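**Q** Sharing run_1.txt, compact mmCIF, C-alpha atoms:
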```
# COMPACT_ATOMS: atom_id res chain seq x y z
CA MET A 1 1.32 7.29 -8.93
CA PRO A 2 0.30 3.63 -8.95
CA VAL A 3 1.29 1.63 -12.01
CA PRO A 4 -1.74 0.28 -13.89
CA GLY A 5 -1.97 -3.41 -13.10
CA GLY A 6 0.57 -3.01 -10.31
CA ALA A 7 0.02 -2.34 -6.61
CA LYS A 8 -3.38 -0.77 -6.11
CA GLY A 9 -4.14 2.39 -4.17
CA ALA A 10 -6.93 2.64 -1.68
CA GLY A 11 -9.45 3.92 -4.23
CA PRO A 12 -11.99 6.69 -3.57
CA THR A 13 -12.38 6.20 0.19
CA VAL A 14 -11.78 9.63 1.74
CA ALA A 15 -14.68 12.07 2.00
CA MET A 16 -13.55 15.60 1.12
CA VAL A 17 -14.61 18.64 -0.89
CA PRO A 18 -12.58 18.65 -4.13
CA ASP A 19 -11.10 21.91 -5.40
CA GLY A 20 -13.77 23.98 -7.12
CA ASP A 21 -16.57 21.87 -5.69
CA ASP A 22 -18.95 22.70 -2.87
CA ARG A 23 -19.85 19.31 -1.44
CA GLU A 24 -18.11 16.23 -0.15
CA ARG A 25 -17.16 13.45 -2.57
CA LEU A 26 -15.21 10.25 -2.08
CA VAL A 27 -11.66 10.91 -3.27
CA CYS A 28 -8.64 8.65 -3.79
CA THR A 29 -5.75 10.33 -1.99
CA ASP A 30 -3.24 8.37 -4.08
CA CYS A 31 -4.33 9.45 -7.55
CA GLY A 32 -6.89 12.21 -7.01
CA TYR A 33 -9.77 10.30 -8.61
CA VAL A 34 -13.12 11.73 -7.48
CA ARG A 35 -16.13 9.45 -7.27
CA TYR A 36 -19.39 11.26 -7.98
CA ASP A 37 -22.54 9.61 -6.69
CA ASN A 38 -25.60 10.88 -8.50
CA PRO A 39 -29.29 10.01 -8.49
CA LYS A 40 -30.35 6.81 -10.20
CA LEU A 41 -32.89 6.54 -12.98
CA ILE A 42 -35.53 3.84 -12.72
CA VAL A 43 -37.29 3.08 -15.99
CA GLY A 44 -40.48 1.10 -16.36
CA ALA A 45 -43.73 0.87 -18.24
CA VAL A 46 -47.46 0.48 -17.88
CA CYS A 47 -48.00 -2.16 -20.56
CA THR A 48 -51.45 -3.01 -21.83
CA TRP A 49 -53.07 -5.60 -24.05
CA GLU A 50 -56.59 -4.47 -24.93
CA ASP A 51 -57.87 -3.25 -21.56
CA ARG A 52 -55.68 -5.35 -19.32
CA TYR A 53 -52.53 -4.34 -17.45
CA LEU A 54 -49.28 -6.29 -17.29
CA LEU A 55 -48.07 -6.80 -13.73
CA VAL A 56 -45.21 -8.85 -12.33
CA ARG A 57 -45.06 -10.41 -8.86
CA ARG A 58 -41.58 -9.76 -7.50
CA ALA A 59 -39.36 -12.78 -6.79
CA ILE A 60 -36.56 -10.71 -5.27
CA PRO A 61 -36.26 -8.24 -2.40
CA PRO A 62 -37.28 -5.58 -1.71
CA ARG A 63 -41.03 -6.20 -1.58
CA GLU A 64 -40.69 -9.80 -2.74
CA GLY A 65 -44.09 -11.38 -3.39
CA HIS A 66 -45.81 -8.09 -4.19
CA TRP A 67 -47.11 -6.89 -7.54
CA CYS A 68 -45.21 -4.30 -9.52
CA LEU A 69 -44.90 -2.75 -12.95
CA PRO A 70 -41.96 -4.07 -14.96
CA SER A 71 -39.22 -1.59 -14.06
CA GLY A 72 -35.66 -1.33 -12.89
CA PHE A 73 -32.41 0.61 -12.90
CA MET A 74 -31.44 2.07 -16.23
CA GLU A 75 -28.19 0.58 -17.52
CA LEU A 76 -25.20 2.25 -19.19
CA GLY A 77 -25.39 2.69 -22.95
CA GLU A 78 -29.15 2.51 -23.40
CA SER A 79 -31.91 5.07 -23.86
CA THR A 80 -34.70 5.49 -21.34
CA GLU A 81 -37.19 3.91 -23.77
CA ASP A 82 -34.86 0.99 -24.53
CA GLY A 83 -34.29 0.51 -20.81
CA ALA A 84 -38.01 0.37 -20.11
CA ALA A 85 -38.55 -2.15 -22.92
CA ARG A 86 -35.59 -4.21 -21.65
CA GLU A 87 -37.08 -4.37 -18.15
CA VAL A 88 -40.41 -5.53 -19.60
CA TRP A 89 -38.60 -8.25 -21.50
CA GLU A 90 -36.46 -9.35 -18.55
CA GLU A 91 -39.21 -9.42 -15.95
CA ALA A 92 -42.26 -10.34 -18.01
CA CYS A 93 -40.86 -11.88 -21.24
CA ALA A 94 -43.17 -9.59 -23.19
CA ARG A 95 -42.43 -7.57 -26.31
CA VAL A 96 -43.77 -4.03 -26.31
CA GLU A 97 -43.79 -0.83 -28.25
CA ILE A 98 -43.01 2.10 -25.96
CA THR A 99 -45.41 4.85 -26.95
CA ASP A 100 -44.91 7.86 -24.69
CA LEU A 101 -43.85 9.14 -21.29
CA LEU A 102 -46.65 8.84 -18.75
CA ALA A 103 -44.98 10.10 -15.57
CA LEU A 104 -41.81 11.38 -13.97
CA TYR A 105 -41.66 10.81 -10.20
CA ASN A 106 -38.96 12.46 -8.13
CA LEU A 107 -38.22 10.39 -5.02
CA ALA A 108 -35.60 12.81 -3.78
CA HIS A 109 -35.32 11.26 -0.30
CA ILE A 110 -33.85 8.14 -1.88
CA SER A 111 -32.21 9.98 -4.80
CA GLN A 112 -34.26 8.22 -7.45
CA VAL A 113 -35.99 9.54 -10.56
CA HIS A 114 -38.64 7.22 -11.97
CA LEU A 115 -39.65 7.46 -15.61
CA VAL A 116 -42.81 5.50 -16.38
CA TYR A 117 -43.69 4.99 -20.03
CA ARG A 118 -46.88 3.83 -21.66
CA ALA A 119 -46.39 0.74 -23.77
CA ARG A 120 -48.47 -1.43 -26.07
CA MET A 121 -47.89 -5.17 -25.95
CA LEU A 122 -47.19 -6.59 -29.41
CA SER A 123 -48.92 -9.84 -28.48
CA PRO A 124 -50.63 -11.22 -25.37
CA GLU A 125 -47.65 -13.47 -24.68
CA TYR A 126 -45.73 -13.20 -21.43
CA ALA A 127 -43.95 -15.35 -18.87
CA ALA A 128 -42.15 -14.94 -15.57
CA GLY A 129 -38.53 -13.88 -15.91
CA PRO A 130 -35.95 -14.85 -13.25
CA GLU A 131 -36.88 -11.87 -11.03
CA SER A 132 -40.63 -12.60 -11.11
CA HIS A 133 -42.71 -15.26 -9.36
CA GLU A 134 -45.50 -14.75 -11.84
CA VAL A 135 -46.76 -12.36 -14.48
CA ALA A 136 -50.37 -11.56 -15.27
CA LEU A 137 -52.58 -9.48 -17.54
CA ILE A 138 -55.20 -8.07 -15.20
CA GLY A 139 -58.35 -6.07 -15.85
CA TRP A 140 -58.88 -2.80 -14.01
CA ASP A 141 -61.48 -4.18 -11.60
CA ASP A 142 -59.24 -7.06 -10.58
CA LEU A 143 -56.01 -5.15 -9.96
CA PRO A 144 -54.38 -6.11 -6.61
CA TRP A 145 -54.53 -2.64 -5.03
CA ASN A 146 -53.82 -3.98 -1.56
CA ASP A 147 -50.84 -6.01 -2.65
CA LEU A 148 -48.80 -3.59 -4.73
CA ALA A 149 -45.05 -3.35 -4.17
CA TYR A 150 -44.84 0.46 -4.03
CA PRO A 151 -47.17 3.49 -3.92
CA ASN A 152 -45.89 4.59 -7.31
CA VAL A 153 -47.34 1.47 -8.93
CA ALA A 154 -50.81 2.67 -7.93
CA TRP A 155 -50.00 6.24 -9.03
CA ALA A 156 -48.95 5.07 -12.48
CA LEU A 157 -51.91 2.74 -12.94
CA ARG A 158 -54.41 5.43 -11.94
CA GLN A 159 -52.70 8.06 -14.08
CA HIS A 160 -52.61 5.66 -17.02
CA ARG A 161 -56.34 5.15 -16.59
CA ALA A 162 -56.95 8.91 -16.36
CA MET A 163 -55.03 9.53 -19.59
CA ARG A 164 -56.84 6.90 -21.67
CA GLY A 165 -57.43 8.24 -25.16
CA ARG A 166 -55.19 11.25 -24.59
CA ALA A 167 -51.89 11.80 -26.31
CA ASN A 168 -49.19 14.46 -26.17
CA PHE A 169 -49.58 15.57 -22.55
CA ALA A 170 -46.92 16.70 -20.11
CA PRO A 171 -45.63 13.80 -17.99
CA LEU A 172 -47.50 13.53 -14.73
CA GLY A 173 -45.86 13.80 -11.34
CA ILE A 174 -46.57 12.45 -7.89
CA PRO A 175 -50.33 12.86 -7.36
CA ALA A 176 -51.23 15.78 -5.12
CA ASP A 177 -53.45 13.46 -3.13
CA ALA A 178 -50.91 10.66 -2.77
CA ASP A 179 -52.06 8.93 0.39
CA HIS A 180 -48.88 6.97 0.97
CA PRO A 181 -45.60 8.42 2.13
CA VAL A 182 -43.42 8.80 -0.92
CA MET B 1 -14.95 -9.81 6.79
CA PRO B 2 -13.04 -6.56 7.35
CA VAL B 3 -13.76 -4.71 10.58
CA PRO B 4 -15.33 -1.26 9.98
CA GLY B 5 -12.62 1.30 10.58
CA GLY B 6 -9.98 -1.40 10.54
CA ALA B 7 -7.80 -2.60 7.67
CA LYS B 8 -9.48 -1.78 4.38
CA GLY B 9 -10.13 -4.24 1.57
CA ALA B 10 -9.41 -3.46 -2.03
CA GLY B 11 -12.90 -2.11 -2.73
CA PRO B 12 -14.91 -2.83 -5.87
CA THR B 13 -12.04 -3.42 -8.28
CA VAL B 14 -12.74 -6.80 -9.90
CA ALA B 15 -15.01 -6.96 -12.95
CA MET B 16 -17.34 -9.95 -12.73
CA VAL B 17 -20.98 -10.92 -13.26
CA PRO B 18 -22.61 -11.09 -9.81
CA ASP B 19 -24.96 -14.00 -8.99
CA GLY B 20 -28.35 -13.39 -10.53
CA ASP B 21 -27.06 -10.60 -12.76
CA ASP B 22 -26.35 -10.70 -16.48
CA ARG B 23 -23.61 -8.12 -16.92
CA GLU B 24 -20.23 -7.27 -15.47
CA ARG B 25 -20.01 -5.04 -12.40
CA LEU B 26 -17.08 -4.00 -10.25
CA VAL B 27 -17.10 -6.23 -7.17
CA CYS B 28 -15.10 -6.20 -3.94
CA THR B 29 -13.78 -9.74 -3.50
CA ASP B 30 -13.27 -9.13 0.25
CA CYS B 31 -16.82 -8.16 1.22
CA GLY B 32 -18.94 -8.84 -1.87
CA TYR B 33 -19.95 -5.19 -2.36
CA VAL B 34 -21.15 -4.60 -5.92
CA ARG B 35 -20.69 -1.20 -7.50
CA TYR B 36 -23.40 -0.34 -10.02
CA ASP B 37 -22.58 2.34 -12.55
CA ASN B 38 -25.72 3.80 -14.08
CA PRO B 39 -26.49 6.63 -16.48
CA LYS B 40 -26.19 10.18 -15.20
CA LEU B 41 -28.95 12.76 -15.24
CA ILE B 42 -28.09 16.25 -16.46
CA VAL B 43 -30.63 18.89 -15.49
CA GLY B 44 -30.86 22.37 -16.94
CA ALA B 45 -33.23 25.05 -18.07
CA VAL B 46 -34.06 27.46 -20.85
CA CYS B 47 -34.64 30.58 -18.77
CA THR B 48 -36.26 33.64 -20.21
CA TRP B 49 -36.90 37.23 -19.21
CA GLU B 50 -39.44 38.76 -21.56
CA ASP B 51 -38.20 37.56 -24.96
CA ARG B 52 -34.55 37.10 -24.06
CA TYR B 53 -32.69 33.89 -23.25
CA LEU B 54 -30.26 33.35 -20.38
CA LEU B 55 -26.96 31.87 -21.53
CA VAL B 56 -23.71 31.25 -19.68
CA ARG B 57 -20.23 31.19 -21.19
CA ARG B 58 -18.40 28.23 -19.71
CA ALA B 59 -15.32 28.92 -17.59
CA ILE B 60 -14.45 25.24 -17.14
CA PRO B 61 -13.76 22.33 -19.46
CA PRO B 62 -15.20 20.75 -21.46
CA ARG B 63 -16.07 23.41 -24.06
CA GLU B 64 -14.62 26.21 -21.96
CA GLY B 65 -15.35 29.61 -23.53
CA HIS B 66 -18.50 28.45 -25.33
CA TRP B 67 -22.09 29.40 -24.61
CA CYS B 68 -24.39 26.99 -22.84
CA LEU B 69 -27.66 26.75 -21.00
CA PRO B 70 -27.29 26.63 -17.23
CA SER B 71 -27.16 22.88 -16.57
CA GLY B 72 -25.20 20.20 -14.80
CA PHE B 73 -25.20 16.85 -13.06
CA MET B 74 -28.14 16.24 -10.77
CA GLU B 75 -27.06 15.82 -7.15
CA LEU B 76 -28.18 13.35 -4.51
CA GLY B 77 -31.24 14.33 -2.48
CA GLU B 78 -32.77 16.84 -4.88
CA SER B 79 -35.60 16.72 -7.40
CA THR B 80 -35.02 17.26 -11.10
CA GLU B 81 -36.71 20.69 -10.89
CA ASP B 82 -34.71 21.70 -7.82
CA GLY B 83 -31.53 20.53 -9.54
CA ALA B 84 -32.26 22.63 -12.62
CA ALA B 85 -32.99 25.71 -10.48
CA ARG B 86 -29.80 25.07 -8.46
CA GLU B 87 -27.71 24.97 -11.63
CA VAL B 88 -29.23 28.25 -12.79
CA TRP B 89 -28.37 29.80 -9.45
CA GLU B 90 -24.81 28.40 -9.36
CA GLU B 91 -23.87 29.26 -12.94
CA ALA B 92 -25.90 32.41 -13.59
CA CYS B 93 -26.82 33.73 -10.11
CA ALA B 94 -30.42 34.03 -11.30
CA ARG B 95 -33.59 33.08 -9.50
CA VAL B 96 -36.17 31.27 -11.60
CA GLU B 97 -39.47 29.50 -11.42
CA ILE B 98 -39.27 26.16 -13.19
CA THR B 99 -42.48 25.88 -15.20
CA ASP B 100 -42.45 22.63 -17.18
CA LEU B 101 -40.38 19.99 -18.90
CA LEU B 102 -39.36 21.05 -22.39
CA ALA B 103 -37.22 18.12 -23.52
CA LEU B 104 -35.69 14.79 -22.62
CA TYR B 105 -32.58 13.93 -24.64
CA ASN B 106 -31.10 10.46 -24.48
CA LEU B 107 -27.37 10.58 -25.20
CA ALA B 108 -26.99 6.82 -24.83
CA HIS B 109 -23.45 6.68 -26.27
CA ILE B 110 -22.22 8.63 -23.25
CA SER B 111 -24.84 7.22 -20.85
CA GLN B 112 -26.44 10.58 -20.16
CA VAL B 113 -30.07 11.61 -19.92
CA HIS B 114 -30.66 15.36 -20.24
CA LEU B 115 -33.79 16.93 -18.81
CA VAL B 116 -34.30 20.50 -20.01
CA TYR B 117 -36.96 22.55 -18.25
CA ARG B 118 -38.59 25.82 -19.18
CA ALA B 119 -38.09 28.49 -16.55
CA ARG B 120 -39.22 32.03 -15.96
CA MET B 121 -36.72 34.44 -14.42
CA LEU B 122 -38.10 36.17 -11.34
CA SER B 123 -36.11 39.31 -12.13
CA PRO B 124 -33.65 40.36 -14.83
CA GLU B 125 -30.77 40.03 -12.38
CA TYR B 126 -27.91 37.65 -13.08
CA ALA B 127 -24.14 37.36 -12.68
CA ALA B 128 -21.36 34.95 -13.53
CA GLY B 129 -20.95 32.13 -11.04
CA PRO B 130 -17.55 30.49 -10.50
CA GLU B 131 -18.04 28.13 -13.47
CA SER B 132 -18.99 30.92 -15.91
CA HIS B 133 -16.86 33.56 -17.65
CA GLU B 134 -19.95 35.64 -18.31
CA VAL B 135 -23.73 35.46 -18.36
CA ALA B 136 -26.05 37.25 -20.74
CA LEU B 137 -29.71 37.74 -21.60
CA ILE B 138 -29.78 37.51 -25.38
CA GLY B 139 -32.57 38.11 -27.88
CA TRP B 140 -33.37 35.41 -30.45
CA ASP B 141 -31.71 37.21 -33.37
CA ASP B 142 -28.49 37.70 -31.46
CA LEU B 143 -28.02 34.16 -30.12
CA PRO B 144 -24.46 32.86 -30.69
CA TRP B 145 -25.42 29.89 -32.86
CA ASN B 146 -21.86 29.34 -34.05
CA ASP B 147 -20.39 29.42 -30.59
CA LEU B 148 -22.62 27.08 -28.59
CA ALA B 149 -21.03 24.50 -26.31
CA TYR B 150 -23.11 21.52 -27.45
CA PRO B 151 -25.64 20.63 -30.16
CA ASN B 152 -28.31 20.11 -27.50
CA VAL B 153 -28.14 23.81 -26.57
CA ALA B 154 -29.35 24.65 -30.08
CA TRP B 155 -31.97 21.89 -29.96
CA ALA B 156 -33.40 23.21 -26.71
CA LEU B 157 -33.41 26.85 -27.83
CA ARG B 158 -35.16 26.02 -31.10
CA GLN B 159 -37.67 23.74 -29.40
CA HIS B 160 -38.33 26.39 -26.75
CA ARG B 161 -39.05 28.86 -29.55
CA ALA B 162 -41.33 26.37 -31.32
CA MET B 163 -43.34 25.77 -28.14
CA ARG B 164 -43.93 29.46 -27.35
CA GLY B 165 -47.45 29.92 -26.05
CA ARG B 166 -48.03 26.18 -25.74
CA ALA B 167 -48.44 24.36 -22.45
CA ASN B 168 -48.97 20.75 -21.44
CA PHE B 169 -47.14 19.02 -24.30
CA ALA B 170 -45.10 15.84 -24.22
CA PRO B 171 -41.40 16.54 -23.69
CA LEU B 172 -39.54 16.81 -26.95
CA GLY B 173 -36.65 14.56 -27.92
CA ILE B 174 -33.62 14.89 -30.13
CA PRO B 175 -34.80 16.65 -33.30
CA ALA B 176 -35.24 14.32 -36.25
CA ASP B 177 -33.20 16.73 -38.36
CA ALA B 178 -30.37 17.16 -35.84
CA ASP B 179 -27.45 18.10 -38.05
CA HIS B 180 -24.78 17.48 -35.47
CA PRO B 181 -23.66 14.08 -34.26
CA VAL B 182 -25.31 13.49 -30.90
```
Kindly present the structure from the file in C-alpha cells form.

**A**
Amino acid sequence: MPVPGGAKGAGPTVAMVPDGDDRERLVCTDCGYVRYDNPKLIVGAVCTWEDRYLLVRRAIPPREGHWCLPSGFMELGESTEDGAAREVWEEACARVEITDLLALYNLAHISQVHLVYRARMLSPEYAAGPESHEVALIGWDDLPWNDLAYPNVAWALRQHRAMRGRANFAPLGIPADADHPV
Amino acid sequence: MPVPGGAKGAGPTVAMVPDGDDRERLVCTDCGYVRYDNPKLIVGAVCTWEDRYLLVRRAIPPREGHWCLPSGFMELGESTEDGAAREVWEEACARVEITDLLALYNLAHISQVHLVYRARMLSPEYAAGPESHEVALIGWDDLPWNDLAYPNVAWALRQHRAMRGRANFAPLGIPADADHPV
C-alpha cells in the first residue's frame, strides 16, 4: 500500500468491473480505489425584471459569442438553488431571489441533468462577469432567437413565458415539439 | 506531453486553482487535465401497488439491514426517470411506470441531490436483488418507521401520502419540520 505523501500509485486508470458491480469503472490496481463517474448537474435560472429577461453573451467556449441563460455546473457543498443564484452572480453580477423550479431537462446522451429555476431580480442592476462578453435585460419581442447558445435556452424561455402567472406546477421537461436535436 | 499508451503521468493529483477558475481542482501537472468533482444525483422512487409501499431492506453498507426506498446513484447515459426505474429493478426486481417527480432534496453537506419519483408498479411481483436482504409491499400502518435507513425515506413516504390524489405539483423539498439532522 502506498504511504500517504510518499511514492504515488498510478491512480484509477484501469477499466474493470469491481466486485458486486455490473459496469466498468476506473480502478487503481495499487489501492483498490474505484472512481465513479456520474452525470453532472447544470443549474441555471430564467431571471426577470418586470417583463424583461436576463441573458448573458458567452465569453468562453463552447458557443462563445452566443446568448445564454446564466447557468453552469453545480459545485460541491451547495444546494441547487444556491448554485443557480451563484451562477447568476458570477456571469451577470445580478442578485436574484430563486422562486421555483421551472424545468428539468435530461440530456442523457451527454450525461447532463439541467435544472432551470425561475428567479426574480432584486434590482435592475447587472454587469458582465469574467465569463460573459455582455449582459442584457431583453424584452420578449427582442430576444435573440437566432443567436442562442443552446436549444434549451429557447425551451426555458418559452416555458417561462407559458407559465406566467402560474405557481406550483410540476417542472417541465424537454418540449415534445423540440425542433432542435437535443 | 505523454504519448497515449506510453509512460503515464501522475494524473490529476495536485490541488490548484486553474486559470480562469476560482476554486481548487485536482490538476495533472504533466498534461494540464483538470478533474472536476461535482455533486452526485441520487434517483429513487416511492413505488406503490394499490395502497401498499415497496420497500427494500439494505444488504450493503451504509445502513445495512435497514429499510429504504429503491434508490441509488444515477449512472452515465441515462435519464433521471430511467435511473429511478433501473434502481427499482436492480434492488426490488419490480417493473414500474415512473409517473412524476415527488421531491427534490438538497443534502448540500454531503454534496448530494436526491430526486424521488412517484411510480406505479405494473404488477405486484418483486424479489430481493443482490443489494437487498428482502423486499416487501407494506401498508401505511405497518411501515417500519423506527427502522428506516435514512430520514429522507420518511420524508418521501409522508410527502407521498400527503400528495395522494394530487397531480402536477411542484416537487417538495426537505420538510420544514424535519426532526432528524439532514

**Q** Could you work out which residues of chain A fall inside 6 Å of chain B? Count all atoms listed in the file, and format the result as a tab-separated table (two decimals) with C-alpha atoms, in the frame of the given file.

**A**
```
chain	number	residue	atom	x	y	z
A	38	ASN	CA	-25.60	10.88	-8.50
A	39	PRO	CA	-29.29	10.01	-8.49
A	75	GLU	CA	-28.19	0.58	-17.52
A	76	LEU	CA	-25.20	2.25	-19.19
A	77	GLY	CA	-25.39	2.69	-22.95
A	78	GLU	CA	-29.15	2.51	-23.40
A	79	SER	CA	-31.91	5.07	-23.86
A	106	ASN	CA	-38.96	12.46	-8.13
A	108	ALA	CA	-35.60	12.81	-3.78
A	109	HIS	CA	-35.32	11.26	-0.30
A	111	SER	CA	-32.21	9.98	-4.80
A	168	ASN	CA	-49.19	14.46	-26.17
A	169	PHE	CA	-49.58	15.57	-22.55
A	170	ALA	CA	-46.92	16.70	-20.11
```

**Q** I need the residue nearest A:Ala176 from this list: A:Trp155, A:Gly32, A:Arg161, A:Val96. Use only C-alpha atoms for the distance.

**A**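 Nearest to A:Ala176: A:Trp155.
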
**Q** State, in Å with one decimal place, the distance from atom CA of B:Glu24 to atom CA of A:Ala128.

**A**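 Computing it gives 23.2 Å between the two atoms.
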
**Q** May I have the residues within 9 Å of B:Trp89 as a PyMOL selection string, using all atoms listed in the file and disregarding those fewer than 4 positions away in the same chain?

**A** chain B and resi 70+84-85+93-96+126+129

**Q** Atom CA of A:Val135 and atom CA of A:Arg118, how far apart in Å?

**A**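 Atom CA of A:Arg118 sits 17.7 Å away from atom CA of A:Val135.
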
**Q** From the set A:Pro61, A:Pro151, A:Gly72, A:Pro18, which residue has the shortest atom-to-atom contact distance to A:Pro175, counting only C-alpha atoms?

**A** A:Pro151

**Q** Counting all atoms listed in the file, what is within 9 Å of stretch 55-60 of chain A, bar same-chain residues fewer than 6 positions away, as a list in words?

**A**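 These residues fall inside the cut-off: Val46, Cys47, His66, Trp67, Cys68, Leu69, Pro70, Glu91, Ala92, Ala128, Pro130, Glu131, Ser132, His133, Glu134, Val135, Ala136, Leu137, Ile138, Leu143, Leu148 and Ala149 of chain A.
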